[in-house]
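One structure is given here, and the rest of the page talks about it.
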Amino acid sequence: MQRMVWFVLFTISFLGAILARGDETRMDKELQSQIDEIADRASGVLGCAIVDLTSGEQWAVEGDTIFPQASAIKATILMETIRQAHAGELNLDEIVKITKQNHVSGSGILVELGDGTVQMSVRDLCVLMIALSDNTATNLLIDRIGMDRVNAMLRDAGATQTALRRRMMDLAARKRGIENISTPYEAAQLMQRLHEGKFVSREVSNDVLSILRKPKEGDIQPALPQGVPMASKTGELPGILTEWAIVELPGRPYVLVIMGKDGDSKQFSKAFQDVSAAAYRHFSRLSIKN
């Protein structure tokens, strides 16, 4: 009798697991279908990569396609700056004096300030680079840590198609077609490394994430319910839109990277929000099941 009860309970549990897996498989296909459809109707070329940070499953559109990154590449500059600080190669409290010679136009606030009237720490420059996408702060950091060192770090991390190839607002380089680049898959893998504490160490990863979590404008967050935490970096140039993000959904965090090129930025913005909404619907259902 006991064997019979055990067999029945095992069978129910086994069938339940099969049905649950079947439901998740259907949901997985549904998410892929949704992002395919959004990419198909987007202007220009839209790519994305999504990683389930619980199961490791991935979804992608144009995952290996190289996209110009605009300011999203600043996430890699932050990573190398923090890495060097932990290695004892620089001090985040080191004070940098900012003069008119350092000023770079475009996004940010430092260009609007006085000639030699402002000084701040390397850590402050990191915050301005990420939270306000400040181009002056970014170029000061590139000069401090070295462009070649950023690219060496990326190669060590396995991101062979991701590169910092020019300083911010280098219009001459842009005219020659030189852009800072990555792919959806590689950007997603870098963000996954940070989440898992595998970028150098848990401590280094946490320090990078603490700055990436600073509030900023973007297109992934508006599609999420208020209060869902996120670590991210955005980028935009004419015809180019990018965003790298870890959506820290309680119980089911995920990486969401979206990139657009050769299209209309406003239309890309709508497509990014549509992809974000589809991803959130998928992972929120999995979160409830857990």
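To be explicit about the labels: the chains of the structure tokens are called A, B, and onward in the order shown, and within each one the residues are counted from 1, while ligands get numbers from 1 in the order they are shown.
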Proximity of segment 97-200 of chain A to segment 241-255 of chain A: per-residue shortest pair, 8 Å limit, only C-alpha atoms, as JSON lines:
{"residue": "A:Ala187", "atom": "CA", "partner": "A:Trp244", "partner_atom": "CA", "distance": 6.8}
{"residue": "A:Ala188", "atom": "CA", "partner": "A:Val255", "partner_atom": "CA", "distance": 6.2}
{"residue": "A:Met191", "atom": "CA", "partner": "A:Ile246", "partner_atom": "CA", "distance": 6.7}
{"residue": "A:Gln192", "atom": "CA", "partner": "A:Val255", "partner_atom": "CA", "distance": 6.7}
{"residue": "A:His195", "atom": "CA", "partner": "A:Ile246", "partner_atom": "CA", "distance": 7.6}
Kindly export the residues of the current selection with C-alpha atoms, as a tab-separated table (two decimals), in the first residue's frame.
chain	number	residue	atom	x	y	z
A	187	ALA	CA	27.23	43.33	-24.19
A	188	ALA	CA	24.81	40.91	-22.53
A	191	MET	CA	26.44	42.49	-17.93
A	192	GLN	CA	25.96	38.85	-16.91
A	195	HIS	CA	25.66	40.26	-12.05
- Task: Please run DSSP on the backbone and report, as a PyMOL selection string, all residues within segment 121-198 of chain A that come out as alpha helix (DSSP H).
- Result: chain A and resi 122-131+135-145+147-156+171-175+184-195
Could those residues be written to a file, using C-alpha atoms, as a PDB file, in the first residue's frame?
ATOM      1  CA  VAL A 122      38.004  60.070 -10.317  1.00  0.00           C
ATOM      2  CA  ARG A 123      35.009  58.414  -8.646  1.00  0.00           C
ATOM      3  CA  ASP A 124      32.925  61.561  -9.249  1.00  0.00           C
ATOM      4  CA  LEU A 125      33.953  61.503 -12.919  1.00  0.00           C
ATOM      5  CA  CYS A 126      32.702  57.895 -13.102  1.00  0.00           C
ATOM      6  CA  VAL A 127      29.332  58.895 -11.673  1.00  0.00           C
ATOM      7  CA  LEU A 128      28.962  61.809 -14.091  1.00  0.00           C
ATOM      8  CA  MET A 129      29.970  59.585 -17.013  1.00  0.00           C
ATOM      9  CA  ILE A 130      27.243  57.046 -16.212  1.00  0.00           C
ATOM     10  CA  ALA A 131      24.413  59.070 -14.661  1.00  0.00           C
ATOM     11  CA  ASN A 135      31.488  63.413 -22.387  1.00  0.00           C
ATOM     12  CA  THR A 136      34.097  65.602 -20.679  1.00  0.00           C
ATOM     13  CA  ALA A 137      34.236  63.218 -17.710  1.00  0.00           C
ATOM     14  CA  THR A 138      34.473  60.272 -20.101  1.00  0.00           C
ATOM     15  CA  ASN A 139      37.422  61.639 -22.054  1.00  0.00           C
ATOM     16  CA  LEU A 140      39.247  62.523 -18.843  1.00  0.00           C
ATOM     17  CA  LEU A 141      38.814  58.904 -17.716  1.00  0.00           C
ATOM     18  CA  ILE A 142      39.944  57.530 -21.084  1.00  0.00           C
ATOM     19  CA  ASP A 143      43.091  59.669 -20.858  1.00  0.00           C
ATOM     20  CA  ARG A 144      43.670  58.478 -17.277  1.00  0.00           C
ATOM     21  CA  ILE A 145      43.202  54.726 -17.749  1.00  0.00           C
ATOM     22  CA  MET A 147      42.024  53.222 -24.373  1.00  0.00           C
ATOM     23  CA  ASP A 148      44.292  50.241 -24.993  1.00  0.00           C
ATOM     24  CA  ARG A 149      43.746  49.049 -21.418  1.00  0.00           C
ATOM     25  CA  VAL A 150      39.962  49.097 -21.893  1.00  0.00           C
ATOM     26  CA  ASN A 151      40.298  46.974 -25.021  1.00  0.00           C
ATOM     27  CA  ALA A 152      42.700  44.554 -23.331  1.00  0.00           C
ATOM     28  CA  MET A 153      40.164  44.109 -20.510  1.00  0.00           C
ATOM     29  CA  LEU A 154      37.443  43.397 -23.070  1.00  0.00           C
ATOM     30  CA  ARG A 155      39.575  40.776 -24.832  1.00  0.00           C
ATOM     31  CA  ASP A 156      40.324  39.121 -21.479  1.00  0.00           C
ATOM     32  CA  LEU A 171      34.097  64.148 -35.162  1.00  0.00           C
ATOM     33  CA  ALA A 172      37.099  63.561 -37.410  1.00  0.00           C
ATOM     34  CA  ALA A 173      37.158  59.887 -36.400  1.00  0.00           C
ATOM     35  CA  ARG A 174      33.397  59.619 -36.951  1.00  0.00           C
ATOM     36  CA  LYS A 175      33.797  60.997 -40.482  1.00  0.00           C
ATOM     37  CA  PRO A 184      24.035  42.344 -28.358  1.00  0.00           C
ATOM     38  CA  TYR A 185      25.472  38.989 -27.260  1.00  0.00           C
ATOM     39  CA  GLU A 186      28.786  40.404 -26.044  1.00  0.00           C
ATOM     40  CA  ALA A 187      27.231  43.331 -24.188  1.00  0.00           C
ATOM     41  CA  ALA A 188      24.806  40.906 -22.526  1.00  0.00           C
ATOM     42  CA  GLN A 189      27.680  38.612 -21.520  1.00  0.00           C
ATOM     43  CA  LEU A 190      29.538  41.536 -19.927  1.00  0.00           C
ATOM     44  CA  MET A 191      26.442  42.488 -17.935  1.00  0.00           C
ATOM     45  CA  GLN A 192      25.961  38.854 -16.906  1.00  0.00           C
ATOM     46  CA  ARG A 193      29.557  38.752 -15.636  1.00  0.00           C
ATOM     47  CA  LEU A 194      28.851  41.771 -13.456  1.00  0.00           C
ATOM     48  CA  HIS A 195      25.663  40.264 -12.045  1.00  0.00           C
TER      49      HIS A 195
END
- Secondary structure check, strand (DSSP E or B) residues of segment 137-250 of chain A, as a list of chain:residue names: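 Restricting segment 137-250 of chain A to strand (DSSP E or B) produces A:Ala163, A:Ile181, A:Ser182, A:Met230, A:Ala231, A:Ser232, A:Lys233, A:Thr234, A:Gly235, A:Glu236, A:Leu237, A:Ile240, A:Leu241, A:Thr242, A:Glu243, A:Trp244, A:Ala245, A:Ile246, A:Val247.
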- Within 10 Å of Gly235 of chain A using only C-alpha atoms, minus same-chain residues under 3 positions, as JSON, numbers by chain: {"A": [68, 69, 70, 71, 72, 73, 74, 133, 218, 240, 241, 242, 243, 244, 259]}
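Around Asp219 of chain A, within 7 Å and counting only C-alpha atoms, the residues found are A:Ser269, A:Phe272, A:Gln273, once anything fewer than 6 positions away on its own chain is removed.
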If you keep N, CA and C atoms, can you produce a file of those selected residues as a PDB file, in the first residue's frame?
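As a result, selection35.pdb now contains:
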ATOM      1  N   SER A 269      13.166  54.061 -30.079  1.00  0.00           N
ATOM      2  CA  SER A 269      12.760  54.227 -28.677  1.00  0.00           C
ATOM      3  C   SER A 269      11.479  53.446 -28.394  1.00  0.00           C
ATOM      4  N   PHE A 272      12.293  49.734 -28.415  1.00  0.00           N
ATOM      5  CA  PHE A 272      12.987  49.339 -27.186  1.00  0.00           C
ATOM      6  C   PHE A 272      11.981  49.129 -26.054  1.00  0.00           C
ATOM      7  N   GLN A 273      11.034  50.037 -25.939  1.00  0.00           N
ATOM      8  CA  GLN A 273      10.031  49.910 -24.876  1.00  0.00           C
ATOM      9  C   GLN A 273       9.155  48.684 -25.093  1.00  0.00           C
TER      10      GLN A 273
END
- Long-range neighbours of Thr183 of chain A as a PyMOL selection string, 8 Å cut-off, only C-alpha atoms, 2 positions minimum in chain: chain A and resi 63-67+161-162+181+185-187
With C-alpha atoms retained, could you export that selection as an mmCIF file, in the first residue's frame?
data_model
loop_
_atom_site.group_PDB
_atom_site.id
_atom_site.type_symbol
_atom_site.label_atom_id
_atom_site.label_comp_id
_atom_site.auth_asym_id
_atom_site.auth_seq_id
_atom_site.Cartn_x
_atom_site.Cartn_y
_atom_site.Cartn_z
ATOM 1 C CA GLY A 63 22.810 38.769 -31.565
ATOM 2 C CA ASP A 64 26.189 38.667 -33.337
ATOM 3 C CA THR A 65 25.673 41.798 -35.435
ATOM 4 C CA ILE A 66 28.072 44.665 -34.729
ATOM 5 C CA PHE A 67 26.374 47.927 -33.737
ATOM 6 C CA GLN A 161 33.795 42.217 -31.074
ATOM 7 C CA THR A 162 33.504 45.017 -28.488
ATOM 8 C CA ILE A 181 31.284 48.989 -31.183
ATOM 9 C CA TYR A 185 25.472 38.989 -27.260
ATOM 10 C CA GLU A 186 28.786 40.404 -26.044
ATOM 11 C CA ALA A 187 27.231 43.331 -24.188
#
- Task: Can you work out which one of A:Arg83, A:Met169, A:Trp59, A:Asn102 has the shortest atom-to-atom distance to Asn206 of chain A, counting only C-alpha atoms?
- Result: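 Between A:Arg83, A:Met169, A:Trp59, A:Asn102, the residue approaching Asn206 of chain A most closely is A:Arg83.
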- Query: When distances are computed from only C-alpha atoms, which of A:Ser265, A:Leu209, A:Val257, A:Met168 shows the smallest separation from Gly197 of chain A?
  - Reply: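 For Gly197 of chain A, the nearest of the candidates is A:Leu209.
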- Item | Using only C-alpha atoms: which of A:His86, A:Glu203, A:Ile38, A:Gly116 has the shortest distance to Thr99 of chain A |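 Of all the options, A:Gly116 lies closest to Thr99 of chain A.
Residues within 9 Å of Val61 of chain A, counting only C-alpha atoms and excluding same-chain residues fewer than 5 positions away, are Gln32, Ile35, Asp36, Ala39, Leu46, Gly47, Cys48, Ala49 and Pro184 of chain A.
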Could the residues in this selection be written to a file with C-alpha atoms, as a PDB file, in the first residue's frame?
ATOM      1  CA  GLN A  32      11.219  34.892 -29.151  1.00  0.00           C
ATOM      2  CA  ILE A  35      10.987  40.149 -30.176  1.00  0.00           C
ATOM      3  CA  ASP A  36      11.278  38.861 -33.765  1.00  0.00           C
ATOM      4  CA  ALA A  39      12.539  43.794 -34.801  1.00  0.00           C
ATOM      5  CA  LEU A  46      17.294  46.302 -34.405  1.00  0.00           C
ATOM      6  CA  GLY A  47      19.145  43.729 -32.333  1.00  0.00           C
ATOM      7  CA  CYS A  48      18.699  42.459 -28.810  1.00  0.00           C
ATOM      8  CA  ALA A  49      19.928  39.820 -26.409  1.00  0.00           C
ATOM      9  CA  PRO A 184      24.035  42.344 -28.358  1.00  0.00           C
TER      10      PRO A 184
END
- Item | One-decimal distance in Å that lies between atom CA of Ser210 of chain A and atom CA of Ala87 of chain A |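 These two atoms are separated by 18.2 Å.
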- Task: Please identify all polymer residues within 12 Å of Pro222 of chain A, counting only C-alpha atoms, omitting same-chain residues fewer than 6 positions from it, and present them as a PyMOL selection string.
- Result: chain A and resi 216+228-230+269-270+272-277+280
Selection above as a file: N, CA, C and O atoms, as a PDB file, in the first residue's frame:
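The result, written out as again.pdb:
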ATOM      1  N   LYS A 216      18.913  57.216 -14.376  1.00  0.00           N
ATOM      2  CA  LYS A 216      19.206  57.834 -15.664  1.00  0.00           C
ATOM      3  C   LYS A 216      18.033  57.631 -16.613  1.00  0.00           C
ATOM      4  O   LYS A 216      17.185  56.760 -16.383  1.00  0.00           O
ATOM      5  N   VAL A 228      10.994  48.691  -9.908  1.00  0.00           N
ATOM      6  CA  VAL A 228      11.842  47.565 -10.300  1.00  0.00           C
ATOM      7  C   VAL A 228      13.264  48.090 -10.483  1.00  0.00           C
ATOM      8  O   VAL A 228      13.511  48.953 -11.320  1.00  0.00           O
ATOM      9  N   PRO A 229      14.238  47.616  -9.704  1.00  0.00           N
ATOM     10  CA  PRO A 229      15.600  48.151  -9.788  1.00  0.00           C
ATOM     11  C   PRO A 229      16.303  47.712 -11.066  1.00  0.00           C
ATOM     12  O   PRO A 229      16.004  46.654 -11.633  1.00  0.00           O
ATOM     13  N   MET A 230      17.255  48.537 -11.494  1.00  0.00           N
ATOM     14  CA  MET A 230      17.935  48.260 -12.754  1.00  0.00           C
ATOM     15  C   MET A 230      19.330  48.879 -12.731  1.00  0.00           C
ATOM     16  O   MET A 230      19.542  49.953 -12.181  1.00  0.00           O
ATOM     17  N   SER A 269      13.166  54.061 -30.079  1.00  0.00           N
ATOM     18  CA  SER A 269      12.760  54.227 -28.677  1.00  0.00           C
ATOM     19  C   SER A 269      11.479  53.446 -28.394  1.00  0.00           C
ATOM     20  O   SER A 269      11.369  52.750 -27.377  1.00  0.00           O
ATOM     21  N   LYS A 270      10.515  53.542 -29.300  1.00  0.00           N
ATOM     22  CA  LYS A 270       9.255  52.795 -29.132  1.00  0.00           C
ATOM     23  C   LYS A 270       9.518  51.287 -29.197  1.00  0.00           C
ATOM     24  O   LYS A 270       8.970  50.513 -28.387  1.00  0.00           O
ATOM     25  N   PHE A 272      12.293  49.734 -28.415  1.00  0.00           N
ATOM     26  CA  PHE A 272      12.987  49.339 -27.186  1.00  0.00           C
ATOM     27  C   PHE A 272      11.981  49.129 -26.054  1.00  0.00           C
ATOM     28  O   PHE A 272      12.071  48.171 -25.286  1.00  0.00           O
ATOM     29  N   GLN A 273      11.034  50.037 -25.939  1.00  0.00           N
ATOM     30  CA  GLN A 273      10.031  49.910 -24.876  1.00  0.00           C
ATOM     31  C   GLN A 273       9.155  48.684 -25.093  1.00  0.00           C
ATOM     32  O   GLN A 273       8.778  48.006 -24.135  1.00  0.00           O
ATOM     33  N   ASP A 274       8.854  48.376 -26.360  1.00  0.00           N
ATOM     34  CA  ASP A 274       8.059  47.180 -26.655  1.00  0.00           C
ATOM     35  C   ASP A 274       8.813  45.902 -26.275  1.00  0.00           C
ATOM     36  O   ASP A 274       8.232  44.968 -25.715  1.00  0.00           O
ATOM     37  N   VAL A 275      10.105  45.854 -26.591  1.00  0.00           N
ATOM     38  CA  VAL A 275      10.915  44.691 -26.222  1.00  0.00           C
ATOM     39  C   VAL A 275      10.998  44.573 -24.701  1.00  0.00           C
ATOM     40  O   VAL A 275      10.853  43.482 -24.134  1.00  0.00           O
ATOM     41  N   SER A 276      11.208  45.711 -24.031  1.00  0.00           N
ATOM     42  CA  SER A 276      11.287  45.700 -22.567  1.00  0.00           C
ATOM     43  C   SER A 276       9.995  45.197 -21.946  1.00  0.00           C
ATOM     44  O   SER A 276      10.017  44.399 -20.996  1.00  0.00           O
ATOM     45  N   ALA A 277       8.859  45.644 -22.480  1.00  0.00           N
ATOM     46  CA  ALA A 277       7.568  45.205 -21.946  1.00  0.00           C
ATOM     47  C   ALA A 277       7.373  43.706 -22.146  1.00  0.00           C
ATOM     48  O   ALA A 277       6.883  43.001 -21.255  1.00  0.00           O
ATOM     49  N   TYR A 280       9.620  41.832 -19.686  1.00  0.00           N
ATOM     50  CA  TYR A 280       9.101  41.904 -18.314  1.00  0.00           C
ATOM     51  C   TYR A 280       7.897  40.973 -18.128  1.00  0.00           C
ATOM     52  O   TYR A 280       7.803  40.286 -17.104  1.00  0.00           O
TER      53      TYR A 280
END
